[in-house]
file coords15.txt (compact mmCIF, C-alpha atoms)
# COMPACT_ATOMS: atom_id res chain seq x y z
CA MET A 1 15.30 12.52 42.09
CA LEU A 2 16.56 14.67 39.23
CA TRP A 3 18.63 11.95 37.54
CA TYR A 4 15.66 9.59 37.57
CA ARG A 5 13.45 12.22 35.99
CA CYS A 6 16.06 12.86 33.32
CA LEU A 7 16.30 9.16 32.50
CA PHE A 8 12.52 8.92 32.32
CA VAL A 9 12.34 11.87 29.92
CA LEU A 10 15.05 10.38 27.70
CA TYR A 11 13.24 7.04 27.70
CA LYS A 12 10.01 8.71 26.57
CA VAL A 13 11.83 10.68 23.87
CA SER A 14 13.62 7.54 22.63
CA LYS A 15 10.31 5.94 21.69
CA SER A 16 8.35 9.07 20.75
CA ARG A 17 6.60 8.81 17.40
CA SER A 18 6.35 12.57 16.95
CA PHE A 19 9.60 14.07 18.29
CA GLN A 20 13.33 13.68 17.93
CA PHE A 21 16.19 15.96 18.94
CA PHE A 22 17.63 16.52 15.44
CA GLY A 23 16.42 16.53 11.86
CA ASP A 24 13.06 16.03 10.19
CA LEU A 25 10.52 13.57 11.54
CA THR A 26 7.08 12.79 10.11
CA HIS A 27 4.48 10.69 11.94
CA ARG A 28 1.45 12.03 10.04
CA ILE A 29 0.60 14.98 7.82
CA GLU A 30 -1.82 17.74 8.72
CA THR A 31 -4.16 17.95 5.73
CA ASP A 32 -7.82 18.28 4.88
CA GLU A 33 -7.38 15.93 1.93
CA LYS A 34 -8.53 12.38 2.66
CA ILE A 35 -5.25 10.64 1.98
CA VAL A 36 -3.38 8.02 4.00
CA ALA A 37 -0.14 6.07 3.60
CA LEU A 38 -0.04 2.32 4.05
CA THR A 39 3.40 1.20 5.23
CA PHE A 40 4.83 -2.23 5.95
CA ASP A 41 7.90 -2.95 8.06
CA ASP A 42 10.55 -5.68 7.84
CA GLY A 43 11.21 -8.11 5.05
CA PRO A 44 11.10 -8.82 2.31
CA THR A 45 10.25 -12.45 3.07
CA THR A 46 8.39 -15.11 1.09
CA TYR A 47 5.17 -13.74 2.57
CA THR A 48 5.75 -10.35 0.93
CA ASN A 49 4.33 -11.78 -2.30
CA GLU A 50 0.91 -12.20 -0.66
CA VAL A 51 0.86 -8.53 0.30
CA LEU A 52 2.09 -7.52 -3.15
CA SER A 53 -0.73 -9.51 -4.74
CA ALA A 54 -3.36 -7.95 -2.47
CA LEU A 55 -2.15 -4.44 -3.29
CA LYS A 56 -2.12 -5.20 -7.01
CA ASP A 57 -5.71 -6.46 -6.84
CA LYS A 58 -6.77 -3.19 -5.20
CA ASN A 59 -4.56 -0.99 -7.43
CA VAL A 60 -2.95 0.56 -4.34
CA LYS A 61 0.64 1.71 -3.92
CA ALA A 62 2.33 1.44 -0.51
CA THR A 63 5.68 2.04 1.15
CA PHE A 64 7.79 -0.90 2.29
CA TYR A 65 10.41 -0.26 4.97
CA VAL A 66 12.82 -3.04 4.13
CA THR A 67 15.91 -4.40 5.86
CA GLY A 68 19.22 -4.93 4.11
CA GLN A 69 19.29 -8.55 5.22
CA GLY A 70 15.84 -9.08 3.73
CA LEU A 71 16.89 -7.60 0.40
CA GLU A 72 20.00 -9.76 0.32
CA ALA A 73 17.92 -12.88 0.96
CA TYR A 74 15.12 -11.98 -1.50
CA PRO A 75 16.50 -9.57 -4.13
CA ASP A 76 13.88 -10.60 -6.71
CA ILE A 77 11.06 -9.65 -4.36
CA GLY A 78 12.69 -6.29 -3.74
CA LYS A 79 12.82 -5.68 -7.48
CA ALA A 80 9.19 -6.82 -7.85
CA LEU A 81 8.09 -4.23 -5.29
CA VAL A 82 9.72 -1.48 -7.33
CA GLU A 83 8.39 -2.83 -10.64
CA GLU A 84 4.87 -2.70 -9.18
CA GLY A 85 5.34 0.99 -8.36
CA HIS A 86 5.78 0.77 -4.60
CA GLU A 87 8.14 2.90 -2.57
CA LEU A 88 11.05 1.48 -0.58
CA GLY A 89 12.27 2.95 2.69
CA ASN A 90 15.28 2.06 4.83
CA HIS A 91 14.60 0.02 7.99
CA SER A 92 18.32 -0.63 8.68
CA TYR A 93 20.42 -3.61 7.67
CA SER A 94 20.09 -5.90 10.71
CA HIS A 95 17.11 -4.35 12.59
CA PRO A 96 18.92 -3.28 15.79
CA ARG A 97 17.75 -0.88 18.46
CA PHE A 98 19.58 2.35 17.67
CA LEU A 99 20.37 3.35 21.22
CA LEU A 100 23.96 3.89 22.38
CA LYS A 101 25.28 3.11 18.90
CA SER A 102 28.36 4.71 17.33
CA GLN A 103 28.20 6.89 14.24
CA SER A 104 30.23 4.30 12.33
CA PHE A 105 27.75 1.56 13.22
CA ILE A 106 24.79 3.73 12.20
CA LYS A 107 26.49 4.71 8.95
CA GLN A 108 27.14 1.10 7.99
CA GLU A 109 23.59 -0.02 8.81
CA ILE A 110 22.01 2.75 6.76
CA GLU A 111 24.41 3.06 3.83
CA GLN A 112 24.59 -0.69 3.26
CA THR A 113 20.80 -0.85 3.09
CA ASN A 114 20.55 2.22 0.86
CA THR A 115 22.93 0.53 -1.60
CA LEU A 116 20.76 -2.60 -1.65
CA ILE A 117 17.63 -0.49 -2.14
CA ARG A 118 19.22 1.22 -5.16
CA GLU A 119 20.12 -2.19 -6.58
CA THR A 120 16.38 -2.99 -6.78
CA GLY A 121 15.99 -0.12 -9.25
CA PHE A 122 14.27 2.24 -6.82
CA SER A 123 15.30 5.80 -7.67
CA GLY A 124 13.13 7.94 -5.38
CA PRO A 125 14.04 9.57 -2.07
CA ILE A 126 14.83 7.06 0.68
CA THR A 127 13.37 7.83 4.09
CA PHE A 128 14.32 5.99 7.26
CA ARG A 129 12.20 4.23 9.88
CA PRO A 130 13.98 3.24 13.11
CA PRO A 131 13.51 -0.38 14.13
CA PHE A 132 11.16 -0.56 17.14
CA GLY A 133 10.81 3.22 16.72
CA LYS A 134 13.90 3.65 18.90
CA LYS A 135 16.06 6.76 18.53
CA LEU A 136 17.69 9.26 20.83
CA PHE A 137 20.77 11.34 19.95
CA SER A 138 23.18 9.51 17.64
CA LEU A 139 20.70 8.25 15.05
CA PRO A 140 18.82 11.56 14.50
CA TRP A 141 22.15 13.39 14.40
CA TYR A 142 23.45 11.13 11.65
CA LEU A 143 20.20 11.32 9.68
CA MET A 144 20.12 15.11 9.92
CA ARG A 145 23.67 15.40 8.62
CA GLN A 146 22.81 13.15 5.68
CA GLY A 147 19.55 14.94 4.90
CA ILE A 148 17.48 11.80 5.57
CA ARG A 149 13.95 12.19 6.91
CA THR A 150 12.72 9.97 9.77
CA VAL A 151 9.26 8.52 9.20
CA THR A 152 7.29 6.92 12.03
CA TRP A 153 3.51 6.41 12.20
CA ASP A 154 0.34 7.28 14.06
CA ILE A 155 -1.62 4.04 13.50
CA GLU A 156 -0.10 0.67 14.54
CA PRO A 157 -2.93 -1.82 15.16
CA ASP A 158 -0.82 -4.96 15.31
CA SER A 159 1.03 -3.69 18.37
CA TYR A 160 -2.15 -4.62 20.26
CA SER A 161 -3.38 -7.74 18.47
CA SER A 162 -2.60 -9.95 15.47
CA GLU A 163 -6.26 -10.85 14.99
CA ARG A 164 -7.67 -9.79 11.63
CA ASP A 165 -10.92 -8.18 12.72
CA PHE A 166 -9.26 -6.22 15.52
CA ILE A 167 -6.65 -4.86 13.11
CA VAL A 168 -9.33 -3.79 10.63
CA ASP A 169 -11.58 -2.19 13.25
CA TYR A 170 -8.75 -0.41 15.09
CA THR A 171 -7.33 1.00 11.87
CA LEU A 172 -10.66 2.30 10.59
CA GLN A 173 -11.62 3.82 13.94
CA ASN A 174 -8.35 5.71 14.34
CA THR A 175 -7.34 6.72 10.83
CA LYS A 176 -7.45 10.44 10.03
CA SER A 177 -6.58 12.48 6.98
CA GLY A 178 -2.81 12.34 6.66
CA SER A 179 -2.38 9.20 8.79
CA ILE A 180 0.54 6.82 8.38
CA ILE A 181 -0.58 3.25 8.97
CA LEU A 182 1.99 0.63 10.00
CA LEU A 183 1.63 -3.14 9.74
CA HIS A 184 4.12 -6.02 10.14
CA PRO A 185 2.62 -8.71 7.86
CA PHE A 186 5.66 -10.68 6.72
CA CYS A 187 6.06 -13.48 9.28
CA LYS A 188 4.68 -17.02 9.13
CA SER A 189 2.21 -16.36 11.95
CA CYS A 190 1.08 -13.01 10.50
CA GLY A 191 -1.76 -14.40 8.40
CA GLY A 192 -4.35 -12.30 10.20
CA LYS A 193 -2.40 -9.15 9.40
CA ARG A 194 -2.19 -10.07 5.72
CA GLU A 195 -5.89 -10.89 5.59
CA ALA A 196 -6.67 -7.49 7.11
CA ILE A 197 -4.97 -5.50 4.35
CA PRO A 198 -7.59 -5.79 1.56
CA LEU A 199 -10.40 -5.28 4.08
CA ILE A 200 -8.75 -2.09 5.34
CA ILE A 201 -8.25 -0.82 1.80
CA ASP A 202 -11.85 -1.53 0.82
CA GLN A 203 -13.34 0.29 3.80
CA LEU A 204 -10.94 3.23 3.54
CA GLN A 205 -12.02 3.67 -0.07
CA ILE A 206 -15.69 3.48 0.94
CA ASP A 207 -14.96 6.19 3.52
CA GLY A 208 -13.44 8.37 0.80
CA PHE A 209 -9.75 7.87 1.55
CA ARG A 210 -7.07 7.54 -1.11
CA SER A 211 -3.90 5.56 -0.36
CA VAL A 212 -0.56 7.11 -1.36
CA THR A 213 3.12 6.47 -0.78
CA ILE A 214 5.10 8.27 1.90
CA SER A 215 6.74 10.61 -0.62
CA GLU A 216 3.35 11.51 -2.07
CA LEU A 217 1.93 12.10 1.40
CA ILE A 218 4.79 14.37 2.44
CA ASN A 219 4.75 16.34 -0.81

call {"tool": "encode", "arguments": {"input": "coords15.txt", "output": "structure tokens"}}
result
Amino acid sequence: MLWYRCLFVLYKVSKSRSFQFFGDLTHRIETDEKIVALTFDDGPTTYTNEVLSALKDKNVKATFYVTGQGLEAYPDIGKALVEEGHELGNHSYSHPRFLLKSQSFIKQEIEQTNTLIRETGFSGPITFRPPFGKKLFSLPWYLMRQGIRTVTWDIEPDSYSSERDFIVDYTLQNTKSGSIILLHPFCKSCGGKREAIPLIIDQLQIDGFRSVTISELIN
């Protein structure tokens, strides 16, 4: 039936990592240079400090897609991320699924979080990552009108397993030049994900990759 096919197509588009109806979307960069972007979603939480410490030990800069609620709860951690030279991106205020949402709702979620990001001292361009990767019409339309780029990913190992060795192996086997790697390491039970980070960085460096922020990757 035609209506069923239309719904199926819209469902696939809503969770596509490489397409949206309006505006700019980046899920990886086509390049011959061996560069990748490490990105972390959600937070900040108390566990963000462990990730921050691991990145500092490896002298690597990453991009943190933070929520407004997280920044309100842990403003000092947000400021520490910026002081360490990391990039902040907008992951919404309350982490909703942006399907069938009004423009006023979308505006509040994004602008409130952008304000909190600026309060950390971050002055660079703010990109947006949809929670759960969900988007259809309203969200891309709003982002396009505001000149905000959508950033997704092409490598998400912890969508399959939270086990450290799997995350490391999956990431290394699938990473390409220009890849955007996504991890969610900020929960209490996410120890395996946090442990995987320095191992991933070490092996990527052995393989000749350099880690950059999202803005550096895009530019």

call {"tool": "residues_around", "arguments": {"input": "coords15.txt", "residues": "A:Glu156", "least_positions_apart": "5", "cutoff": "12 Å", "atoms": "all atoms listed in the file", "output": "list of chain:residue names"}}
result
A:Arg17, A:His27, A:Leu38, A:Thr39, A:Phe40, A:Asp41, A:Phe132, A:Gly133, A:Ser161, A:Ser162, A:Phe166, A:Ile167, A:Val168, A:Asp169, A:Tyr170, A:Thr171, A:Leu172, A:Gln173, A:Asn174, A:Thr175, A:Ser179, A:Ile180, A:Ile181, A:Leu182, A:Leu183, A:His184, A:Pro185, A:Lys193

call {"tool": "residues_around", "arguments": {"input": "coords15.txt", "residues": "stretch 93-107 of chain A", "least_positions_apart": "3", "cutoff": "12 Å", "atoms": "only C-alpha atoms", "output": "ChimeraX atom specification"}}
result
/A:10-11,13-15,41-44,65-73,89-90,110-117,128-143,145-146,148

call {"tool": "atom_distance", "arguments": {"input": "coords15.txt", "atom1": "atom CA of A:Gln108", "atom2": "atom CA of A:Gly124"}}
result
20.5 Å

call {"tool": "atom_distance", "arguments": {"input": "coords15.txt", "atom1": "atom CA of A:Val36", "atom2": "atom CA of A:Leu199"}}
result
15.0 Å

call {"tool": "atom_distance", "arguments": {"input": "coords15.txt", "atom1": "atom CA of A:Gly121", "atom2": "atom CA of A:His91"}}
result
17.3 Å

call {"tool": "closest_residue", "arguments": {"input": "coords15.txt", "among": "A:Asn59, A:Thr26, A:Ser215, A:Ser189", "to": "A:Glu163", "atoms": "only C-alpha atoms"}}
result
A:Ser189

call {"tool": "closest_residue", "arguments": {"input": "coords15.txt", "among": "A:Lys188, A:Arg118, A:His86, A:Lys176", "to": "A:Ile214", "atoms": "only C-alpha atoms"}}
result
A:His86

call {"tool": "residues_around", "arguments": {"input": "coords15.txt", "residues": "A:Val51", "least_positions_apart": "5", "cutoff": "10 Å", "atoms": "only C-alpha atoms", "output": "PyMOL selection string"}}
result
chain A and resi 40+56-57+185-186+193-195+197-198

call {"tool": "write_last_selection", "arguments": {"input": "coords15.txt", "atoms": "C-alpha atoms", "output": "PDB file, keeping the file's coordinate frame"}}
result
ATOM      1  CA  PHE A  40       4.830  -2.230   5.950  1.00  0.00           C
ATOM      2  CA  LYS A  56      -2.120  -5.200  -7.010  1.00  0.00           C
ATOM      3  CA  ASP A  57      -5.710  -6.460  -6.840  1.00  0.00           C
ATOM      4  CA  PRO A 185       2.620  -8.710   7.860  1.00  0.00           C
ATOM      5  CA  PHE A 186       5.660 -10.680   6.720  1.00  0.00           C
ATOM      6  CA  LYS A 193      -2.400  -9.150   9.400  1.00  0.00           C
ATOM      7  CA  ARG A 194      -2.190 -10.070   5.720  1.00  0.00           C
ATOM      8  CA  GLU A 195      -5.890 -10.890   5.590  1.00  0.00           C
ATOM      9  CA  ILE A 197      -4.970  -5.500   4.350  1.00  0.00           C
ATOM     10  CA  PRO A 198      -7.590  -5.790   1.560  1.00  0.00           C
TER      11      PRO A 198
END

call {"tool": "closest_residue", "arguments": {"input": "coords15.txt", "among": "A:Thr120, A:Thr63, A:Asn219, A:Thr127", "to": "A:Thr150", "atoms": "all atoms listed in the file"}}
result
A:Thr127

call {"tool": "closest_atom_pairs", "arguments": {"input": "coords15.txt", "of": "stretch 85-132 of chain A", "to": "stretch 206-213 of chain A", "cutoff": "10 Å", "atoms": "all atoms listed in the file", "output": "CSV"}}
result
residue,atom,partner,partner_atom,distance
A:Gly85,CA,A:Thr213,CA,9.6
A:His86,CA,A:Thr213,CA,7.4
A:Glu87,CA,A:Thr213,CA,6.4
A:Leu88,CA,A:Thr213,CA,9.4

call {"tool": "write_last_selection", "arguments": {"input": "coords15.txt", "atoms": "C-alpha atoms", "output": "PDB file, in the frame of the given file"}}
result
ATOM      1  CA  GLY A  85       5.340   0.990  -8.360  1.00  0.00           C
ATOM      2  CA  HIS A  86       5.780   0.770  -4.600  1.00  0.00           C
ATOM      3  CA  GLU A  87       8.140   2.900  -2.570  1.00  0.00           C
ATOM      4  CA  LEU A  88      11.050   1.480  -0.580  1.00  0.00           C
TER       5      LEU A  88
END

call {"tool": "closest_residue", "arguments": {"input": "coords15.txt", "among": "A:Gly78, A:Lys58, A:Tyr160, A:Glu119", "to": "A:Gln203", "atoms": "only C-alpha atoms"}}
result
A:Lys58

call {"tool": "closest_residue", "arguments": {"input": "coords15.txt", "among": "A:Ile29, A:Ile201, A:Ala62, A:Ile218", "to": "A:Val82", "atoms": "all atoms listed in the file"}}
result
A:Ala62

call {"tool": "residues_around", "arguments": {"input": "coords15.txt", "residues": "A:Ser177", "least_positions_apart": "5", "cutoff": "7 Å", "atoms": "all atoms listed in the file", "output": "PyMOL selection string"}}
result
chain A and resi 31-36

call {"tool": "closest_residue", "arguments": {"input": "coords15.txt", "among": "A:Met144, A:Ile126, A:Leu52, A:Ala196", "to": "A:Lys79", "atoms": "all atoms listed in the file"}}
result
A:Leu52
